[in-house]
Amino acid sequence: MSNGPGAGIPAVSTAILAMSRHLEVRDVLKTIVASARELLDAEYAALGVPDDHGGFAQFVVDGVSAEQWKAIGPLPRQHGILAAMLHNATPERLADVREDPRFGGWPSAHPDMSDFLGLPVADGDEILGALFLANKRCPKPAGDCGFTEEDERLLGILAQHAAIALTNARLYERSRELTIAGERARLAHELHDAVAQKLFSLRLTAQAATALVDRDPARAKDELHQVTALAAEAADELRAAVIELRPAALDEDGLVATLRSQAQVLDRAHSARVTFAAHSVRALPAAQEEALLRVAQEALHNALRHSGAELVGVTLTRSGQGALLRIADDGCGFDPGAVRRAGRHLGLVSMRDRASGVGGKLTVESEPGKGTTVEMEVPGG
């Protein structure tokens, strides 16, 4: 790219907008690294976030394949130039990193690097991380550094905005943790009330059966059938609550596998048939995947608890660069207008908030006796 005065500013603006679209820390880190590498036309880029033990809590790379990264081995420790940047918060621009006295070598699978540019990502006095670039794609006469002063200036602007994006993402994740804690407390309260009520009825019915077993065996038998039914309902309540309280395995398994697993568990836990199908779905930013999962859970909760459905189908399909989630049931349905007028919302408000929070759209179609269809569409990341 040309590095004339002002030439890189539109590219910086594009990179800043890309960072601001994401709310998850990991997504922000990956976007910062990819944006920096593209901005300065470098072969390699990395961003390290320090931990409290002399190493890196996170280390994100761009330009290195997954196979290469695996072969390189464990996360690097803070040492040499990396440590200097984290502790002194000073930029480093080197013609050849291998000739610097602080250079301590790298693993055999590590790609060879020469010219180097590194900047701290800081929020006031706090060092949030260090951004590294290596091997600018341009002719390099012997002894000349591929990266220029203009490159350093542009990367400095990007690093300042990266600090803002990273701080915002941390605050968002903390807020979400508090929200999840509140949701878990609410679910625990609901679980206690629902199961306690079922167990109380179960105990009374069992006592009635015991009193009737000698003088009226037929009625005692009816009461015992009721005991069986109440026990089954209590078990359903427990299973459903465990599913809702258990953390979703999005990070490890991805959205498709997580939705499939939850559908299978709900299918076993309830009398209704619960199915799941996915078609050509691509990976999405973490915030969008979580929003889709939470909306699916809320819609499934409504269908299984309130609709009396015999069949609930969940489908996830590709929609442009994004995805379309659909939960359809053959239950009793409802009048959305009447629900709104009555001040009830069946989770619709929170579902719409989750959809709009990631740039998506939620639609609900239902009428009495005709079942319910909930659709959520999100754009690509």
# chains A, B, ... in the order shown; residues from 1 in each chain; ligands from 1
>>> residues_around(residues="Asp329 of chain A", least_positions_apart="4", cutoff="12 Å", atoms="only C-alpha atoms", output="compact mmCIF listing (two decimals) with all heavy atoms, in the first residue's frame")
# COMPACT_ATOMS: atom_id res chain seq x y z
N ALA A 272 -43.18 -34.22 23.87
CA ALA A 272 -43.20 -33.70 22.50
C ALA A 272 -41.94 -34.16 21.75
O ALA A 272 -40.88 -34.35 22.34
CB ALA A 272 -43.25 -32.18 22.52
N ARG A 273 -42.07 -34.30 20.43
CA ARG A 273 -40.92 -34.62 19.57
C ARG A 273 -40.20 -33.32 19.27
O ARG A 273 -40.81 -32.34 18.81
CB ARG A 273 -41.42 -35.26 18.27
CG ARG A 273 -40.32 -35.65 17.31
CD ARG A 273 -39.87 -37.07 17.56
NE ARG A 273 -38.89 -37.47 16.56
CZ ARG A 273 -37.57 -37.41 16.74
NH1 ARG A 273 -37.07 -36.94 17.87
NH2 ARG A 273 -36.75 -37.82 15.80
N VAL A 274 -38.90 -33.29 19.52
CA VAL A 274 -38.08 -32.10 19.24
C VAL A 274 -37.03 -32.48 18.20
O VAL A 274 -36.23 -33.41 18.42
CB VAL A 274 -37.40 -31.56 20.51
CG1 VAL A 274 -36.60 -30.30 20.20
CG2 VAL A 274 -38.44 -31.26 21.60
N THR A 275 -37.03 -31.79 17.06
CA THR A 275 -36.09 -32.11 15.99
C THR A 275 -35.18 -30.92 15.70
O THR A 275 -35.52 -29.77 16.02
CB THR A 275 -36.82 -32.48 14.69
OG1 THR A 275 -37.56 -31.34 14.22
CG2 THR A 275 -37.77 -33.65 14.93
N ALA A 299 -37.53 -19.77 22.93
CA ALA A 299 -38.64 -20.23 22.10
C ALA A 299 -38.99 -21.69 22.40
O ALA A 299 -40.17 -22.07 22.43
CB ALA A 299 -38.28 -20.05 20.62
N LEU A 300 -37.98 -22.52 22.62
CA LEU A 300 -38.22 -23.92 22.97
C LEU A 300 -38.92 -24.03 24.32
O LEU A 300 -39.82 -24.85 24.51
CB LEU A 300 -36.89 -24.69 22.99
CG LEU A 300 -36.33 -25.06 21.62
CD1 LEU A 300 -34.86 -25.48 21.73
CD2 LEU A 300 -37.14 -26.19 20.98
N HIS A 301 -38.49 -23.20 25.27
CA HIS A 301 -39.12 -23.16 26.59
C HIS A 301 -40.62 -22.88 26.45
O HIS A 301 -41.46 -23.58 27.04
CB HIS A 301 -38.44 -22.09 27.44
CG HIS A 301 -39.12 -21.83 28.76
ND1 HIS A 301 -38.76 -22.45 29.91
CD2 HIS A 301 -40.14 -21.00 29.08
CE1 HIS A 301 -39.54 -22.04 30.90
NE2 HIS A 301 -40.37 -21.14 30.42
N ASN A 302 -40.96 -21.87 25.66
CA ASN A 302 -42.37 -21.52 25.47
C ASN A 302 -43.14 -22.66 24.83
O ASN A 302 -44.26 -23.01 25.25
CB ASN A 302 -42.49 -20.27 24.59
CG ASN A 302 -42.11 -19.00 25.34
OD1 ASN A 302 -42.10 -18.98 26.56
ND2 ASN A 302 -41.78 -17.96 24.60
N ALA A 303 -42.55 -23.24 23.77
CA ALA A 303 -43.24 -24.30 23.04
C ALA A 303 -43.48 -25.53 23.91
O ALA A 303 -44.57 -26.12 23.88
CB ALA A 303 -42.44 -24.68 21.80
N LEU A 304 -42.49 -25.90 24.71
CA LEU A 304 -42.59 -27.13 25.50
C LEU A 304 -43.38 -26.95 26.79
O LEU A 304 -43.97 -27.90 27.30
CB LEU A 304 -41.19 -27.66 25.81
CG LEU A 304 -40.41 -28.15 24.58
CD1 LEU A 304 -38.95 -28.41 24.93
CD2 LEU A 304 -41.05 -29.39 23.98
N ARG A 305 -43.39 -25.75 27.34
CA ARG A 305 -44.08 -25.53 28.62
C ARG A 305 -45.51 -25.05 28.44
O ARG A 305 -46.36 -25.31 29.28
CB ARG A 305 -43.32 -24.48 29.45
CG ARG A 305 -41.92 -24.89 29.87
CD ARG A 305 -41.93 -25.90 31.00
NE ARG A 305 -40.58 -26.20 31.45
CZ ARG A 305 -39.93 -25.51 32.38
NH1 ARG A 305 -40.50 -24.45 32.93
NH2 ARG A 305 -38.70 -25.86 32.74
N HIS A 306 -45.78 -24.30 27.36
CA HIS A 306 -47.06 -23.60 27.28
C HIS A 306 -47.94 -23.99 26.10
O HIS A 306 -49.15 -23.72 26.13
CB HIS A 306 -46.83 -22.08 27.22
CG HIS A 306 -45.98 -21.56 28.34
ND1 HIS A 306 -46.30 -21.73 29.67
CD2 HIS A 306 -44.81 -20.88 28.33
CE1 HIS A 306 -45.36 -21.17 30.43
NE2 HIS A 306 -44.45 -20.65 29.64
N SER A 307 -47.38 -24.57 25.02
CA SER A 307 -48.17 -24.73 23.80
C SER A 307 -48.88 -26.06 23.69
O SER A 307 -49.80 -26.20 22.88
CB SER A 307 -47.26 -24.56 22.57
OG SER A 307 -46.49 -25.74 22.34
N GLY A 308 -48.46 -27.06 24.46
CA GLY A 308 -49.03 -28.39 24.31
C GLY A 308 -48.68 -29.04 22.98
O GLY A 308 -49.40 -29.92 22.49
N ALA A 309 -47.59 -28.62 22.37
CA ALA A 309 -47.21 -29.12 21.05
C ALA A 309 -46.82 -30.59 21.10
O ALA A 309 -46.29 -31.08 22.09
CB ALA A 309 -46.03 -28.30 20.52
N GLU A 310 -47.07 -31.28 19.99
CA GLU A 310 -46.60 -32.66 19.82
C GLU A 310 -45.29 -32.69 19.05
O GLU A 310 -44.52 -33.62 19.17
CB GLU A 310 -47.66 -33.49 19.08
CG GLU A 310 -48.94 -33.70 19.89
CD GLU A 310 -49.93 -34.57 19.15
OE1 GLU A 310 -49.59 -35.05 18.04
OE2 GLU A 310 -51.04 -34.77 19.67
N LEU A 311 -45.03 -31.64 18.23
CA LEU A 311 -43.81 -31.56 17.43
C LEU A 311 -43.26 -30.15 17.47
O LEU A 311 -43.99 -29.18 17.24
CB LEU A 311 -44.10 -31.97 15.98
CG LEU A 311 -42.93 -31.84 15.00
CD1 LEU A 311 -41.81 -32.81 15.38
CD2 LEU A 311 -43.38 -32.09 13.57
N VAL A 312 -41.98 -30.03 17.78
CA VAL A 312 -41.28 -28.75 17.75
C VAL A 312 -40.05 -28.93 16.87
O VAL A 312 -39.20 -29.79 17.14
CB VAL A 312 -40.84 -28.28 19.16
CG1 VAL A 312 -40.21 -26.88 19.08
CG2 VAL A 312 -42.01 -28.28 20.12
N GLY A 313 -39.96 -28.16 15.80
CA GLY A 313 -38.84 -28.27 14.87
C GLY A 313 -37.93 -27.06 14.92
O GLY A 313 -38.41 -25.91 14.87
N VAL A 314 -36.63 -27.28 15.06
CA VAL A 314 -35.64 -26.21 15.07
C VAL A 314 -34.78 -26.36 13.81
O VAL A 314 -34.25 -27.44 13.54
CB VAL A 314 -34.73 -26.28 16.31
CG1 VAL A 314 -33.74 -25.12 16.32
CG2 VAL A 314 -35.56 -26.29 17.58
N THR A 315 -34.67 -25.29 13.03
CA THR A 315 -33.81 -25.33 11.85
C THR A 315 -32.90 -24.11 11.87
O THR A 315 -33.30 -23.02 12.29
CB THR A 315 -34.61 -25.33 10.54
OG1 THR A 315 -35.50 -24.21 10.52
CG2 THR A 315 -35.41 -26.61 10.39
N GLY A 333 -50.93 -22.31 19.92
CA GLY A 333 -50.80 -20.97 19.39
C GLY A 333 -51.35 -19.91 20.33
O GLY A 333 -51.85 -20.21 21.43
N PHE A 334 -51.26 -18.65 19.91
CA PHE A 334 -51.78 -17.55 20.73
C PHE A 334 -51.98 -16.33 19.84
O PHE A 334 -51.53 -16.31 18.68
CB PHE A 334 -50.84 -17.22 21.90
CG PHE A 334 -49.48 -16.70 21.47
CD1 PHE A 334 -49.22 -15.34 21.42
CD2 PHE A 334 -48.46 -17.58 21.12
CE1 PHE A 334 -47.98 -14.85 21.04
CE2 PHE A 334 -47.21 -17.12 20.73
CZ PHE A 334 -46.96 -15.75 20.69
N VAL A 364 -42.43 -13.20 14.87
CA VAL A 364 -43.23 -14.24 15.52
C VAL A 364 -44.58 -14.32 14.82
O VAL A 364 -45.29 -13.31 14.70
CB VAL A 364 -43.44 -13.93 17.02
CG1 VAL A 364 -44.30 -15.01 17.67
CG2 VAL A 364 -42.10 -13.81 17.73
N GLU A 365 -44.92 -15.51 14.34
CA GLU A 365 -46.22 -15.74 13.71
C GLU A 365 -46.98 -16.78 14.52
O GLU A 365 -46.47 -17.88 14.75
CB GLU A 365 -46.04 -16.22 12.27
CG GLU A 365 -45.46 -15.18 11.34
CD GLU A 365 -45.39 -15.67 9.91
OE1 GLU A 365 -45.88 -16.80 9.65
OE2 GLU A 365 -44.85 -14.94 9.06
N SER A 366 -48.19 -16.43 14.95
CA SER A 366 -49.00 -17.37 15.73
C SER A 366 -50.44 -16.93 15.72
O SER A 366 -50.74 -15.73 15.55
CB SER A 366 -48.49 -17.43 17.18
OG SER A 366 -49.18 -18.43 17.90
N GLU A 367 -51.33 -17.90 15.87
CA GLU A 367 -52.74 -17.61 16.11
C GLU A 367 -53.33 -18.83 16.80
O GLU A 367 -52.82 -19.95 16.66
CB GLU A 367 -53.48 -17.29 14.82
CG GLU A 367 -53.46 -18.36 13.78
CD GLU A 367 -54.27 -17.95 12.55
OE1 GLU A 367 -55.52 -17.99 12.64
OE2 GLU A 367 -53.65 -17.58 11.54
N GLY A 369 -54.81 -22.10 17.87
CA GLY A 369 -55.08 -23.32 17.15
C GLY A 369 -54.19 -23.58 15.96
O GLY A 369 -54.32 -24.61 15.29
N LYS A 370 -53.28 -22.68 15.65
CA LYS A 370 -52.46 -22.81 14.44
C LYS A 370 -50.96 -22.94 14.72
O LYS A 370 -50.15 -22.86 13.81
CB LYS A 370 -52.69 -21.60 13.52
CG LYS A 370 -54.11 -21.48 13.02
CD LYS A 370 -54.44 -22.59 12.04
CE LYS A 370 -55.86 -22.46 11.51
NZ LYS A 370 -56.07 -21.30 10.67
N GLY A 371 -50.59 -23.11 15.99
CA GLY A 371 -49.17 -23.24 16.29
C GLY A 371 -48.44 -21.92 16.26
O GLY A 371 -49.04 -20.85 16.04
N THR A 372 -47.13 -21.96 16.47
CA THR A 372 -46.30 -20.75 16.55
C THR A 372 -45.00 -20.98 15.79
O THR A 372 -44.40 -22.04 15.87
CB THR A 372 -45.98 -20.40 18.02
OG1 THR A 372 -47.21 -20.20 18.73
CG2 THR A 372 -45.13 -19.15 18.12
N THR A 373 -44.58 -19.94 15.09
CA THR A 373 -43.27 -19.96 14.41
C THR A 373 -42.49 -18.72 14.84
O THR A 373 -42.98 -17.58 14.70
CB THR A 373 -43.42 -19.98 12.88
OG1 THR A 373 -44.12 -21.15 12.49
CG2 THR A 373 -42.06 -19.95 12.21
N VAL A 374 -41.29 -18.93 15.37
CA VAL A 374 -40.39 -17.85 15.74
C VAL A 374 -39.20 -17.89 14.78
O VAL A 374 -38.58 -18.95 14.61
CB VAL A 374 -39.91 -18.00 17.20
CG1 VAL A 374 -38.88 -16.90 17.54
CG2 VAL A 374 -41.07 -17.96 18.16
N GLU A 375 -38.89 -16.78 14.15
CA GLU A 375 -37.73 -16.70 13.26
C GLU A 375 -36.81 -15.57 13.69
O GLU A 375 -37.28 -14.48 14.03
CB GLU A 375 -38.16 -16.47 11.81
CG GLU A 375 -38.78 -17.69 11.16
CD GLU A 375 -38.99 -17.53 9.66
OE1 GLU A 375 -38.96 -16.37 9.17
OE2 GLU A 375 -39.16 -18.55 8.98
>>> residues_around(residues="Leu166 of chain A", least_positions_apart="4", cutoff="12 Å", atoms="only C-alpha atoms", output="ChimeraX atom specification")
/A:16,19-32,47,49,121-123,127-129,158-162,170-173
>>> atom_distance(atom1="atom CA of Ile81 of chain A", atom2="atom CA of Trp69 of chain A")
20.1 Å
>>> select_by_dssp(residues="segment 54-163 of chain A", states="alpha helix (DSSP H)", output="JSON, numbers by chain")
{"A": [66, 67, 68, 69, 70, 71, 72, 80, 81, 82, 83, 84, 85, 86, 87, 88, 149, 150, 151, 152, 153, 154, 155, 156, 157, 158, 159, 160, 161, 162, 163]}
>>> residues_around(residues="segment 278-295 of chain A", least_positions_apart="5", cutoff="7 Å", atoms="only C-alpha atoms", output="MDAnalysis selection string")
chainID A and resid 23:24 27 255:256 259 315:318 323 351 354:355 358 380:381
>>> write_last_selection(atoms="all heavy atoms", output="tab-separated table (two decimals), in the first residue's frame")
chain	number	residue	atom	x	y	z
A	23	LEU	N	-18.42	-7.55	20.14
A	23	LEU	CA	-18.59	-7.34	21.57
A	23	LEU	C	-17.79	-8.34	22.40
A	23	LEU	O	-17.50	-8.08	23.57
A	23	LEU	CB	-20.08	-7.46	21.94
A	23	LEU	CG	-20.98	-6.36	21.39
A	23	LEU	CD1	-22.43	-6.70	21.67
A	23	LEU	CD2	-20.63	-5.01	21.99
A	24	GLU	N	-17.43	-9.49	21.82
A	24	GLU	CA	-16.69	-10.50	22.57
A	24	GLU	C	-15.19	-10.19	22.51
A	24	GLU	O	-14.66	-9.83	21.46
A	24	GLU	CB	-16.94	-11.89	21.98
A	24	GLU	CG	-18.41	-12.26	21.89
A	24	GLU	CD	-18.99	-12.59	23.25
A	24	GLU	OE1	-18.20	-12.93	24.15
A	24	GLU	OE2	-20.22	-12.52	23.40
A	27	ASP	N	-13.26	-12.05	19.77
A	27	ASP	CA	-13.53	-11.51	18.43
A	27	ASP	C	-12.82	-10.18	18.21
A	27	ASP	O	-12.31	-9.92	17.12
A	27	ASP	CB	-15.04	-11.31	18.24
A	27	ASP	CG	-15.78	-12.63	18.10
A	27	ASP	OD1	-15.15	-13.62	17.66
A	27	ASP	OD2	-16.97	-12.69	18.44
A	255	LEU	N	-22.14	-23.46	17.41
A	255	LEU	CA	-23.58	-23.27	17.53
A	255	LEU	C	-24.37	-24.49	17.06
A	255	LEU	O	-25.31	-24.92	17.72
A	255	LEU	CB	-24.01	-22.03	16.74
A	255	LEU	CG	-25.51	-21.70	16.75
A	255	LEU	CD1	-25.99	-21.44	18.16
A	255	LEU	CD2	-25.80	-20.50	15.85
A	256	VAL	N	-24.01	-25.05	15.91
A	256	VAL	CA	-24.78	-26.16	15.35
A	256	VAL	C	-24.77	-27.35	16.30
A	256	VAL	O	-25.83	-27.92	16.63
A	256	VAL	CB	-24.23	-26.57	13.96
A	256	VAL	CG1	-24.87	-27.87	13.49
A	256	VAL	CG2	-24.48	-25.46	12.95
A	259	LEU	N	-26.83	-26.56	19.55
A	259	LEU	CA	-28.28	-26.63	19.33
A	259	LEU	C	-28.74	-28.07	19.13
A	259	LEU	O	-29.79	-28.47	19.66
A	259	LEU	CB	-28.66	-25.79	18.10
A	259	LEU	CG	-28.78	-24.28	18.29
A	259	LEU	CD1	-28.99	-23.59	16.96
A	259	LEU	CD2	-29.90	-23.93	19.26
A	315	THR	N	-34.67	-25.29	13.03
A	315	THR	CA	-33.81	-25.33	11.85
A	315	THR	C	-32.90	-24.11	11.87
A	315	THR	O	-33.30	-23.02	12.29
A	315	THR	CB	-34.61	-25.33	10.54
A	315	THR	OG1	-35.50	-24.21	10.52
A	315	THR	CG2	-35.41	-26.61	10.39
A	316	LEU	N	-31.67	-24.31	11.39
A	316	LEU	CA	-30.70	-23.22	11.28
A	316	LEU	C	-30.13	-23.30	9.88
A	316	LEU	O	-29.54	-24.31	9.49
A	316	LEU	CB	-29.59	-23.38	12.32
A	316	LEU	CG	-28.57	-22.23	12.41
A	316	LEU	CD1	-29.24	-20.96	12.93
A	316	LEU	CD2	-27.41	-22.61	13.31
A	317	THR	N	-30.32	-22.24	9.10
A	317	THR	CA	-29.86	-22.24	7.72
A	317	THR	C	-29.04	-21.00	7.41
A	317	THR	O	-29.19	-19.96	8.08
A	317	THR	CB	-31.06	-22.29	6.74
A	317	THR	OG1	-31.94	-21.19	7.03
A	317	THR	CG2	-31.82	-23.60	6.89
A	318	ARG	N	-28.21	-21.12	6.41
A	318	ARG	CA	-27.42	-19.96	5.98
A	318	ARG	C	-28.33	-18.95	5.30
A	318	ARG	O	-29.24	-19.31	4.54
A	318	ARG	CB	-26.32	-20.41	5.03
A	318	ARG	CG	-25.40	-19.28	4.59
A	318	ARG	CD	-24.14	-19.81	3.96
A	318	ARG	NE	-23.25	-18.74	3.56
A	318	ARG	CZ	-21.98	-18.92	3.24
A	318	ARG	NH1	-21.46	-20.14	3.27
A	318	ARG	NH2	-21.21	-17.91	2.88
A	323	ALA	N	-27.27	-15.95	9.17
A	323	ALA	CA	-28.00	-17.19	9.45
A	323	ALA	C	-29.45	-16.87	9.79
A	323	ALA	O	-29.79	-15.77	10.23
A	323	ALA	CB	-27.35	-17.93	10.60
A	351	MET	N	-36.32	-11.73	23.64
A	351	MET	CA	-35.86	-12.30	22.37
A	351	MET	C	-35.60	-11.20	21.34
A	351	MET	O	-34.61	-11.23	20.62
A	351	MET	CB	-36.88	-13.31	21.84
A	351	MET	CG	-36.89	-14.63	22.60
A	351	MET	SD	-37.77	-15.95	21.75
A	351	MET	CE	-39.47	-15.48	22.06
A	354	ARG	N	-32.42	-9.39	22.22
A	354	ARG	CA	-31.22	-10.17	21.85
A	354	ARG	C	-30.97	-10.07	20.35
A	354	ARG	O	-29.83	-9.95	19.91
A	354	ARG	CB	-31.40	-11.63	22.25
A	354	ARG	CG	-31.29	-11.88	23.75
A	354	ARG	CD	-31.25	-13.37	24.04
A	354	ARG	NE	-31.31	-13.66	25.46
A	354	ARG	CZ	-30.27	-13.60	26.29
A	354	ARG	NH1	-29.10	-13.23	25.84
A	354	ARG	NH2	-30.42	-13.90	27.58
A	355	ALA	N	-32.04	-10.14	19.56
A	355	ALA	CA	-31.88	-10.06	18.11
A	355	ALA	C	-31.35	-8.69	17.68
A	355	ALA	O	-30.37	-8.59	16.93
A	355	ALA	CB	-33.21	-10.35	17.42
A	358	VAL	N	-27.60	-7.71	18.19
A	358	VAL	CA	-26.55	-8.18	17.27
A	358	VAL	C	-26.89	-7.85	15.83
A	358	VAL	O	-26.41	-8.49	14.89
A	358	VAL	CB	-26.31	-9.71	17.43
A	358	VAL	CG1	-25.72	-10.01	18.79
A	358	VAL	CG2	-27.59	-10.50	17.21
A	380	GLY	N	-24.16	-11.39	8.54
A	380	GLY	CA	-22.82	-11.95	8.73
A	380	GLY	C	-21.95	-11.00	9.52
A	380	GLY	O	-22.24	-9.81	9.66
A	381	GLY	N	-20.87	-11.54	10.12
A	381	GLY	CA	-19.98	-10.72	10.94
A	381	GLY	C	-19.03	-9.90	10.12
A	381	GLY	O	-18.91	-10.08	8.91
>>> atom_distance(atom1="atom CA of Glu99 of chain A", atom2="atom CA of Met113 of chain A")
11.0 Å
>>> residues_around(residues="Ala208 of chain A", least_positions_apart="6", cutoff="10 Å", atoms="only C-alpha atoms", output="ChimeraX atom specification")
/A:202,219-220,223-224
>>> write_last_selection(atoms="all heavy atoms", output="short mmCIF file (atom, residue, chain, number, x, y, z; two decimals), in the first residue's frame")
data_model
loop_
_atom_site.label_atom_id
_atom_site.label_comp_id
_atom_site.auth_asym_id
_atom_site.auth_seq_id
_atom_site.Cartn_x
_atom_site.Cartn_y
_atom_site.Cartn_z
N LEU A 202 -47.18 -34.72 45.22
CA LEU A 202 -46.79 -36.13 45.20
C LEU A 202 -46.92 -36.75 46.59
O LEU A 202 -47.45 -37.86 46.76
CB LEU A 202 -45.34 -36.23 44.70
CG LEU A 202 -44.73 -37.60 44.46
CD1 LEU A 202 -45.48 -38.33 43.37
CD2 LEU A 202 -43.27 -37.44 44.07
N ARG A 219 -59.57 -47.32 44.43
CA ARG A 219 -59.22 -45.90 44.53
C ARG A 219 -57.74 -45.72 44.84
O ARG A 219 -57.09 -44.80 44.35
CB ARG A 219 -60.07 -45.21 45.60
CG ARG A 219 -61.48 -44.85 45.12
CD ARG A 219 -62.22 -44.04 46.15
NE ARG A 219 -61.53 -42.78 46.45
CZ ARG A 219 -61.78 -42.02 47.53
NH1 ARG A 219 -62.69 -42.43 48.41
NH2 ARG A 219 -61.14 -40.89 47.72
N ALA A 220 -57.19 -46.60 45.66
CA ALA A 220 -55.75 -46.53 45.96
C ALA A 220 -54.93 -46.69 44.69
O ALA A 220 -53.92 -46.01 44.48
CB ALA A 220 -55.38 -47.61 46.98
N GLU A 223 -54.96 -43.47 42.80
CA GLU A 223 -54.06 -42.50 43.43
C GLU A 223 -52.60 -42.81 43.09
O GLU A 223 -51.79 -41.90 42.86
CB GLU A 223 -54.25 -42.48 44.95
CG GLU A 223 -55.61 -41.99 45.42
CD GLU A 223 -55.82 -40.51 45.13
OE1 GLU A 223 -54.81 -39.76 45.08
OE2 GLU A 223 -56.98 -40.10 44.93
N LEU A 224 -52.26 -44.09 43.04
CA LEU A 224 -50.88 -44.47 42.71
C LEU A 224 -50.53 -44.14 41.26
O LEU A 224 -49.40 -43.77 40.94
CB LEU A 224 -50.67 -45.97 42.98
CG LEU A 224 -50.59 -46.34 44.46
CD1 LEU A 224 -50.60 -47.85 44.64
CD2 LEU A 224 -49.34 -45.73 45.11
#
>>> select_by_dssp(residues="segment 55-150 of chain A", states="strand (DSSP E or B)", output="ChimeraX atom specification")
/A:56-62,92-94,116-123,126-136
>>> residues_around(residues="Leu155 of chain A", least_positions_apart="6", cutoff="10 Å", atoms="only C-alpha atoms", output="mmCIF file with C-alpha atoms, in the first residue's frame")
data_model
loop_
_atom_site.group_PDB
_atom_site.id
_atom_site.type_symbol
_atom_site.label_atom_id
_atom_site.label_comp_id
_atom_site.auth_asym_id
_atom_site.auth_seq_id
_atom_site.Cartn_x
_atom_site.Cartn_y
_atom_site.Cartn_z
ATOM 1 C CA GLY A 8 -3.697 5.080 5.308
ATOM 2 C CA VAL A 12 -7.598 2.924 9.587
ATOM 3 C CA SER A 35 -6.926 -5.289 10.645
ATOM 4 C CA ALA A 36 -3.356 -4.384 11.617
ATOM 5 C CA ARG A 37 -1.850 -6.943 9.236
ATOM 6 C CA LEU A 39 -3.500 -2.093 7.150
ATOM 7 C CA LEU A 40 0.307 -2.306 6.995
ATOM 8 C CA LEU A 117 7.006 -3.319 14.396
ATOM 9 C CA GLY A 118 5.461 -3.544 17.829
ATOM 10 C CA LEU A 119 3.215 -1.213 19.830
ATOM 11 C CA LEU A 131 0.542 -5.652 19.020
ATOM 12 C CA PHE A 132 3.271 -7.126 16.810
ATOM 13 C CA LEU A 133 3.798 -7.043 13.057
ATOM 14 C CA GLU A 149 7.515 6.025 10.546
ATOM 15 C CA HIS A 161 -8.886 2.543 19.185
ATOM 16 C CA ALA A 162 -8.054 -1.086 19.849
#
>>> atom_distance(atom1="atom CA of Ser114 of chain A", atom2="atom CA of Gly48 of chain A")
19.1 Å
